[in-house]
Amino acid sequence: MLKEFKDFIMRGNVLELAVAVIIAGAFGAVVASFTNDVIMPPIGLALGGVDFSDLAITLAGAEMNDAGEVVKEAVQIRYGAFVQKVIDFVIIAFIIFMLVRTYNNMQKKKEEAPAPPPGPSTEDLLAEIRDLLKKQ
């Protein structure tokens with residue numbers, strides 16, 4: 001059973017999948033930072049200083065005790081966080097689209113590469129050899 005597990009793990013597909021998941025996680029963090037730190041501040045500024053992550057509809061307010069500490073968190077629909085995630089998704093989808101498009105264009109160029117000029121056929125070579133033998 002241990003040998004089977006080792007064989008399963010050492011397959012190329014499993015290792016490639018593991019690497020892809022790790023890279024995707026790191027790429028997601030980069031895109032989230034890009035969205036939160038680069039894209040959203042100018043959009044929020046253009047919309048009058050709105051911070052999308054703070055946008056929410058409060059269904060029930062937070063309950064506080066006499067000391068002013070929160071006893072029960074507010075119940076909110078945080079649509080701002082959802083908008084942020086949608087923008088993250090659109091950026092990731094666009095980048096993946098561009099990568100796939102570039103890859104497909106490169107494959108088309110390989111297919112469309114002009115064929116090398118045809119050389120003499122085997123019949124031509126054999127006829128040439130025959131003629132050379134006749135001359136000797």
# chains A, B, ... in the order shown; residues from 1 in each chain; ligands from 1
>>> residues_around(residues="A:Ile77", least_positions_apart="5", cutoff="10 Å", atoms="only C-alpha atoms", output="list in words")
Leu55, Ala56, Ile57, Thr58, Leu59 and Phe82 of chain A
>>> residues_around(residues="A:Phe89", least_positions_apart="3", cutoff="10 Å", atoms="only C-alpha atoms", output="MDAnalysis selection string")
chainID A and resid 28 31:32 35 83:86 92:95
>>> write_last_selection(atoms="N, CA and C atoms", output="compact mmCIF listing (two decimals), in the first residue's frame")
# COMPACT_ATOMS: atom_id res chain seq x y z
N GLY A 28 -3.08 34.42 -6.31
CA GLY A 28 -4.28 35.01 -5.72
C GLY A 28 -3.94 36.10 -4.73
N VAL A 31 -2.85 39.15 -6.73
CA VAL A 31 -4.00 39.83 -7.34
C VAL A 31 -4.82 40.55 -6.28
N ALA A 32 -5.00 39.93 -5.11
CA ALA A 32 -5.74 40.58 -4.03
C ALA A 32 -5.04 41.87 -3.60
N THR A 35 -5.51 44.45 -6.35
CA THR A 35 -6.87 45.00 -6.32
C THR A 35 -7.05 45.94 -5.13
N VAL A 83 -18.05 42.84 -3.80
CA VAL A 83 -17.61 43.62 -4.96
C VAL A 83 -16.11 43.48 -5.14
N GLN A 84 -15.38 43.52 -4.03
CA GLN A 84 -13.92 43.37 -4.07
C GLN A 84 -13.54 42.01 -4.66
N LYS A 85 -14.21 40.94 -4.22
CA LYS A 85 -13.91 39.59 -4.73
C LYS A 85 -14.26 39.46 -6.21
N VAL A 86 -15.35 40.09 -6.63
CA VAL A 86 -15.72 40.05 -8.04
C VAL A 86 -14.65 40.73 -8.89
N ILE A 92 -8.18 38.16 -12.40
CA ILE A 92 -7.57 36.84 -12.59
C ILE A 92 -8.04 36.21 -13.90
N ALA A 93 -9.34 36.29 -14.16
CA ALA A 93 -9.88 35.71 -15.40
C ALA A 93 -9.29 36.39 -16.63
N PHE A 94 -9.12 37.71 -16.57
CA PHE A 94 -8.54 38.43 -17.71
C PHE A 94 -7.09 38.02 -17.92
N ILE A 95 -6.33 37.89 -16.87
CA ILE A 95 -4.92 37.50 -16.99
C ILE A 95 -4.82 36.08 -17.56
>>> atom_distance(atom1="atom CA of A:Ile91", atom2="atom CA of A:Ala24")
13.4 Å
>>> select_by_dssp(residues="chain A", states="strand (DSSP E)", output="list in words")
Ile57, Thr58, Leu59, Ala60, Glu63, Met64, Val70, Val71, Lys72, Val75, Gln76 and Ile77 of chain A
>>> select_by_dssp(residues="chain A", states="helix (DSSP H, G or I)", output="VMD selection string")
chain A and resid 2 to 9 12 to 46 52 to 54 79 to 112 122 to 135
>>> atom_distance(atom1="atom CA of A:Ser53", atom2="atom CA of A:Gln76")
12.4 Å
